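my_file_7.txt (compact mmCIF, C-alpha atoms) appears below.
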# COMPACT_ATOMS: atom_id res chain seq x y z
CA MET I 18 19.02 59.39 156.31
CA SER I 19 22.01 60.18 158.49
CA ASP I 20 25.43 59.03 157.49
CA PHE I 21 26.04 57.07 160.69
CA LEU I 22 24.04 54.44 158.82
CA ASP I 23 26.76 54.29 156.18
CA SER I 24 29.27 53.05 158.76
CA ILE I 25 27.35 49.80 159.12
CA LYS I 26 28.48 46.82 157.06
CA TRP I 27 25.03 45.54 156.16
CA ASN I 28 25.01 41.88 155.15
CA PRO I 29 23.84 40.75 151.69
CA ASP I 30 20.24 40.88 152.98
CA GLY I 31 20.80 44.46 154.16
CA LEU I 32 20.81 43.47 157.83
CA ALA I 33 23.02 43.82 160.90
CA ALA I 34 22.74 41.79 164.11
CA ALA I 35 21.34 43.70 167.10
CA ILE I 36 21.85 42.55 170.67
CA ALA I 37 19.58 44.05 173.32
CA GLN I 38 21.07 44.31 176.80
CA ASP I 39 19.39 45.61 179.95
CA ALA I 40 21.08 48.96 180.54
CA LYS I 41 20.96 48.58 184.32
CA THR I 42 21.51 44.89 185.07
CA GLY I 43 23.65 44.01 182.05
CA GLU I 44 21.48 41.00 181.29
CA VAL I 45 21.46 40.09 177.60
CA LEU I 46 17.78 40.02 176.65
CA MET I 47 17.61 39.01 173.00
CA MET I 48 19.23 39.11 169.60
CA ALA I 49 17.40 40.29 166.52
CA TRP I 50 18.14 42.03 163.22
CA MET I 51 17.98 45.57 161.92
CA ASN I 52 18.00 47.00 158.45
CA ARG I 53 18.88 50.56 157.57
CA GLU I 54 15.36 51.88 158.05
CA SER I 55 14.85 50.13 161.39
CA LEU I 56 18.09 51.52 162.82
CA ALA I 57 17.19 55.01 161.60
CA LEU I 58 13.77 54.70 163.26
CA THR I 59 15.31 53.30 166.45
CA GLN I 60 17.54 56.33 166.66
CA GLN I 61 14.72 58.77 165.86
CA GLU I 62 12.02 57.26 168.06
CA GLY I 63 14.18 56.14 170.98
CA ILE I 64 12.62 52.68 171.03
CA ALA I 65 13.94 49.49 169.48
CA VAL I 66 12.64 48.87 165.96
CA TYR I 67 13.87 45.64 164.41
CA TRP I 68 13.43 43.98 161.04
CA SER I 69 11.47 40.77 161.30
CA ARG I 70 13.07 38.24 158.98
CA SER I 71 10.14 35.83 159.32
CA ARG I 72 7.50 38.46 158.60
CA GLN I 73 9.73 40.58 156.31
CA LYS I 74 8.54 43.81 157.88
CA LEU I 75 9.52 46.42 160.43
CA TRP I 76 8.87 45.26 163.97
CA ARG I 77 8.47 47.80 166.71
CA LYS I 78 9.40 45.61 169.66
CA GLY I 79 6.41 45.61 171.99
CA GLU I 80 3.87 46.63 169.35
CA SER I 81 1.65 43.70 170.37
CA SER I 82 2.86 42.97 173.90
CA GLY I 83 3.49 46.49 175.16
CA HIS I 84 7.01 45.31 176.07
CA THR I 85 8.83 48.10 174.28
CA GLN I 86 12.54 48.73 174.69
CA LYS I 87 13.59 52.28 175.47
CA ILE I 88 17.00 53.01 174.01
CA LYS I 89 19.70 54.18 176.41
CA ALA I 90 22.69 53.66 174.12
CA ILE I 91 23.55 52.23 170.70
CA GLN I 92 27.01 50.76 170.18
CA LEU I 93 28.73 49.36 167.09
CA ASP I 94 31.40 46.68 166.95
CA CYS I 95 34.82 46.75 165.31
CA ASP I 96 33.62 44.93 162.21
CA GLY I 97 30.68 47.30 161.82
CA ASP I 98 28.19 44.47 161.43
CA ALA I 99 26.83 44.05 164.96
CA LEU I 100 24.96 46.53 167.15
CA LEU I 101 24.58 46.53 170.90
CA LEU I 102 21.49 48.27 172.24
CA LYS I 103 21.39 49.20 175.90
CA VAL I 104 17.73 49.33 176.77
CA GLU I 105 15.18 49.78 179.48
CA GLN I 106 12.90 46.77 179.05
CA VAL I 107 9.32 47.88 179.66
CA GLY I 108 7.33 45.21 181.53
CA ASN I 109 10.55 43.42 182.44
CA ILE I 110 9.83 40.80 179.77
CA ALA I 111 11.75 40.64 176.49
CA CYS I 112 10.90 37.11 175.34
CA HIS I 113 7.70 36.16 173.52
CA THR I 114 7.51 33.14 175.84
CA GLY I 115 6.86 35.50 178.75
CA ARG I 116 10.36 35.21 180.17
CA ARG I 117 12.65 38.08 180.98
CA SER I 118 15.38 37.06 178.53
CA CYS I 119 15.25 34.96 175.38
CA PHE I 120 18.38 33.12 176.55
CA TYR I 121 16.51 30.96 179.05
CA ARG I 122 18.19 27.65 178.23
CA SER I 123 21.58 26.70 179.66
CA LEU I 124 23.80 23.84 178.58
CA GLU I 125 24.22 21.43 181.48
CA GLU I 126 25.64 17.94 181.12
CA ASN I 127 25.08 18.02 177.35
CA GLN I 128 21.45 19.08 177.68
CA TRP I 129 19.60 22.35 177.43
CA ARG I 130 17.88 23.08 180.72
CA GLU I 131 15.60 26.01 181.48
CA ASN I 132 17.24 28.59 183.70
CA ALA I 133 14.31 31.02 184.06
CA GLY I 134 10.59 30.79 184.54
CA VAL I 135 7.69 32.37 182.71
CA LEU I 136 6.79 35.69 184.34
CA ARG I 137 3.57 36.14 182.44
CA ASN I 138 1.51 33.74 180.34
CA PRO I 139 2.02 34.54 176.63
CA GLU I 140 -1.72 34.10 176.11
CA GLU I 141 -2.25 37.02 178.44
CA ILE I 142 0.47 39.06 176.74
CA TYR I 143 -0.73 38.55 173.16
CA LYS I 144 -4.49 38.53 173.60
CA MET U 4 28.41 14.54 168.41
CA SER U 5 25.97 15.18 171.23
CA ASP U 6 22.35 15.84 170.50
CA PHE U 7 22.31 19.22 172.20
CA LEU U 8 23.73 20.32 168.85
CA ASP U 9 20.52 19.20 167.15
CA SER U 10 18.52 21.78 169.12
CA ILE U 11 20.27 24.60 167.29
CA LYS U 12 18.58 26.08 164.24
CA TRP U 13 21.68 26.47 162.11
CA ASN U 14 21.28 29.02 159.33
CA PRO U 15 21.66 28.06 155.64
CA ASP U 16 25.44 28.43 156.05
CA GLY U 17 25.36 26.08 159.04
CA LEU U 18 26.03 28.88 161.52
CA ALA U 19 24.52 30.35 164.67
CA ALA U 20 25.33 33.74 166.17
CA ALA U 21 27.39 33.65 169.36
CA ILE U 22 27.55 36.56 171.77
CA ALA U 23 30.40 36.57 174.30
CA GLN U 24 29.67 38.30 177.60
CA ASP U 25 32.03 38.78 180.52
CA ALA U 26 30.71 36.38 183.15
CA LYS U 27 31.58 38.70 186.02
CA THR U 28 30.97 42.24 184.79
CA GLY U 29 28.21 41.50 182.27
CA GLU U 30 30.00 43.52 179.59
CA VAL U 31 29.21 42.32 176.08
CA LEU U 32 32.60 41.64 174.51
CA MET U 33 31.96 40.53 170.95
CA MET U 34 29.70 38.73 168.53
CA ALA U 35 30.93 35.99 166.27
CA TRP U 36 29.64 32.81 164.64
CA MET U 37 29.74 29.12 165.43
CA ASN U 38 29.11 26.06 163.35
CA ARG U 39 28.29 22.63 164.71
CA GLU U 40 31.90 21.58 165.09
CA SER U 41 32.98 24.79 166.80
CA LEU U 42 30.18 24.57 169.36
CA ALA U 43 31.02 20.93 170.06
CA LEU U 44 34.69 21.86 170.55
CA THR U 45 33.74 24.84 172.73
CA GLN U 46 31.78 22.53 174.99
CA GLN U 47 34.51 19.88 175.05
CA GLU U 48 37.51 22.17 175.50
CA GLY U 49 35.92 24.80 177.73
CA ILE U 50 37.26 27.66 175.62
CA ALA U 51 35.46 29.60 172.90
CA VAL U 52 35.97 28.16 169.42
CA TYR U 53 34.27 30.14 166.67
CA TRP U 54 33.90 29.71 162.93
CA SER U 55 35.69 32.44 161.04
CA ARG U 56 33.53 33.43 158.09
CA SER U 57 36.32 35.47 156.50
CA ARG U 58 38.90 32.71 156.78
CA GLN U 59 36.39 29.84 156.48
CA LYS U 60 38.04 27.88 159.26
CA LEU U 61 37.76 27.09 162.94
CA TRP U 62 39.04 29.91 165.09
CA ARG U 63 40.15 29.20 168.62
CA LYS U 64 39.70 32.70 170.05
CA GLY U 65 43.10 33.77 171.37
CA GLU U 66 45.10 31.34 169.25
CA SER U 67 47.31 34.22 168.07
CA SER U 68 46.80 36.79 170.81
CA GLY U 69 46.65 34.54 173.85
CA HIS U 70 43.33 36.21 174.68
CA THR U 71 41.35 33.02 175.07
CA GLN U 72 37.84 32.94 176.49
CA LYS U 73 37.18 30.43 179.24
CA ILE U 74 33.60 29.23 179.13
CA LYS U 75 31.52 29.68 182.26
CA ALA U 76 28.10 29.07 180.71
CA ILE U 77 26.47 28.51 177.33
CA GLN U 78 22.90 29.68 176.81
CA LEU U 79 20.51 29.32 173.88
CA ASP U 80 17.72 31.66 172.88
CA CYS U 81 14.03 30.93 172.26
CA ASP U 82 14.48 30.72 168.49
CA GLY U 83 17.41 28.35 168.84
CA ASP U 84 19.60 30.38 166.52
CA ALA U 85 21.62 32.54 168.91
CA LEU U 86 24.03 31.51 171.65
CA LEU U 87 25.17 33.50 174.66
CA LEU U 88 28.58 32.55 176.06
CA LYS U 89 29.47 33.71 179.53
CA VAL U 90 33.23 33.85 179.58
CA GLU U 91 36.29 34.77 181.52
CA GLN U 92 38.26 36.93 179.10
CA VAL U 93 41.94 36.13 179.47
CA GLY U 94 44.10 39.24 179.18
CA ASN U 95 41.03 41.44 179.63
CA ILE U 96 41.05 42.18 175.89
CA ALA U 97 38.50 40.68 173.50
CA CYS U 98 38.88 42.99 170.50
CA HIS U 99 41.59 42.62 167.85
CA THR U 100 42.06 46.41 168.11
CA GLY U 101 43.43 45.93 171.62
CA ARG U 102 40.28 47.14 173.34
CA ARG U 103 38.38 45.30 176.00
CA SER U 104 35.15 45.02 174.00
CA CYS U 105 34.51 45.09 170.26
CA PHE U 106 31.57 47.44 170.88
CA TYR U 107 33.80 50.48 171.39
CA ARG U 108 31.79 52.94 169.29
CA SER U 109 28.72 54.70 170.65
CA LEU U 110 26.15 56.68 168.70
CA GLU U 111 26.20 60.29 169.88
CA GLU U 112 24.54 63.12 167.99
CA ASN U 113 24.32 61.01 164.84
CA GLN U 114 27.99 60.07 164.93
CA TRP U 115 29.94 57.06 166.11
CA ARG U 116 32.33 58.10 168.84
CA GLU U 117 34.88 55.89 170.56
CA ASN U 118 33.89 55.00 174.12
CA ALA U 119 36.97 52.99 175.11
CA GLY U 120 40.69 53.22 174.63
CA VAL U 121 43.24 50.73 173.38
CA LEU U 122 44.64 48.74 176.30
CA ARG U 123 47.45 47.15 174.31
CA ASN U 124 48.88 47.94 170.90
CA PRO U 125 47.68 45.32 168.39
CA GLU U 126 51.21 45.19 166.95
CA GLU U 127 52.36 43.93 170.31
CA ILE U 128 49.50 41.47 170.57
CA TYR U 129 49.91 39.92 167.11
CA LYS U 130 53.67 39.94 166.71
I'd like the structure from this file rewritten - as C-alpha cells, please.
Amino acid sequence: MSDFLDSIKWNPDGLAAAIAQDAKTGEVLMMAWMNRESLALTQQEGIAVYWSRSRQKLWRKGESSGHTQKIKAIQLDCDGDALLLKVEQVGNIACHTGRRSCFYRSLEENQWRENAGVLRNPEEIYK
Amino acid sequence: MSDFLDSIKWNPDGLAAAIAQDAKTGEVLMMAWMNRESLALTQQEGIAVYWSRSRQKLWRKGESSGHTQKIKAIQLDCDGDALLLKVEQVGNIACHTGRRSCFYRSLEENQWRENAGVLRNPEEIYK
C-alpha cells in the first residue's frame, strides 16, 4: 500500500467521498464512496473502483453495465476527506437509471423536476 | 418547510453531501454537508448554507471571508442523498486556504502534488 493513502482522512467507517466528473465536459456524473483498498485499486487499475455501502463490497463501476470510468486524474480536497475523480465515462452513461449523470433532478419552484432523459433502458443495461 | 426536503434521504446524522460546482466553468469547488434546515435556507436565501460538522452549526459559506456562493441551480442524485449546487463563487475563492477550489492536490506518481496556487493569503481573508 502506498503512503498517498495515509493522507486521506478516512471517516469512522473507513470511507472517503468520491465525486466523478467527466474529464472533458466537466459534468458531475455521480458521488460514491471509496475505502483504502478501492482507492489503491483505482490508482493501480486506472478505472474507478468504489466501495458499495449497500452491498458492503468493492464495486468496479461498470462491472455489470460495461459503463466503466477510466481515470484521468485523482484530486484530494483541503480536508483530505473528499476525492475528485476526473474520468472518461465509457458508454456515456454513469447512472444506473440509464441517464448520463446521477444528478438528473433539478429544484424548480420547490419541486424536483427531471432535467435529463434516459439514454438507454436499464433493463437492457443490466440484462 | 417545503416537501422537496422530504425527497432527500438524510443520513443517520440528518445530513446529505453537497458538492459545489462553478456554474460557468464547471470546476468542482468543494464538498460539504447540509441538513434539512441548511438546504431550506439555501433555497430561500439563494446563497449556499451548509451544516458545519466540526462546529455543529449552520454555516453561511462566506460569512467570515465574504466568499459567498450564489445559487444558480440545485440538483439531486438518483439515490437522493447527494446534492449538486451550481454556484457563482464570489471572490473567485472557495477554499479556506485561499485557493479557488478545495481540490488543489493531484495524485502524481503516488504522491499528492499541489495543482493550484494561493490567490489570497488566508490571513488577509480571515482577519
message = List as JSON, numbers by chain the protein and nucleic acid residues near Arg56 (chain U), meaning an atom at most 12 Å away when all atoms listed in the file are counted, but skip any in the same chain fewer than 5 places from it.
response = {"U": [16, 17, 18, 19, 20, 35, 36, 37, 38, 61, 62]}
query = Looking at all atoms listed in the file, which of U:Glu30, U:Glu48, U:Asp25, U:Asp80 is the one that sits closest to Ala133 (chain I)?
reply =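 Smallest separation from Ala133 (chain I) among the options: U:Asp80.
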key: All residues 10 Å or closer to region 101-109 of chain U, all atoms listed in the file, same chain fewer than 3 positions away omitted, as a ChimeraX atom specification   = /I:90-97,99-102 /U:23-25,30-34,68,92,94-98,112-129
note = Taken to one decimal, the CA of Leu124 (chain I)-CA of Arg58 (chain U) distance is 28.0 Å
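The nearest approach to chain I among the residues U:Lys64, U:Trp13, U:Asp84, U:Lys73, with all atoms listed in the file taken into account, belongs to U:Asp84.
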note = Counting all atoms listed in the file, closest pick from I:Pro29, I:Gln60, I:Ser69, I:Gly83 relative to Glu111 (chain U) is I:Gln60
For region 44-58 of chain U, what centre and edge lengths in Å (one decimal) does the axis-aligned box get once 5 Å is added on each side of all its listed atoms, as JSON?
{"center_x": 35.3, "center_y": 27.7, "center_z": 167.1, "size_x": 17.1, "size_y": 25.6, "size_z": 31.2}
message = I'd like the interatomic distance between CA of Glu54 (chain I) and CA of Lys74 (chain I), to a tenth of an Å.
response =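 Atom-to-atom, CA of Glu54 (chain I) and CA of Lys74 (chain I) are spaced 10.6 Å apart.
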task = Could you please determine the separation between CA of Lys26 (chain I) and CA of Val104 (chain I) in Å, to one decimal place?
result =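 Distance between the two atoms: 22.6 Å.
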request  = Could you tell me which of I:Thr114, I:Thr85, I:Ser55, I:Ser71 comes closest to chain U if we count all atoms listed in the file?
outcome  =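 When distances to chain U are compared using all atoms listed in the file, the smallest one comes from I:Thr114.
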ask   = Between I:Glu105, I:Ile36, I:Gly43, I:Ser81, which one has atoms that come closest to chain U, using only C-alpha atoms?
value =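 Looking at the shortest contact to chain U, the residue is I:Gly43.
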ask   = Of the candidates U:Ile50, U:Leu44, U:Leu8, U:Val93, which shows the shortest atom-to-atom distance to chain I, using all atoms listed in the file?
value =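 Using all atoms listed in the file, the shortest distance to chain I belongs to U:Leu8.
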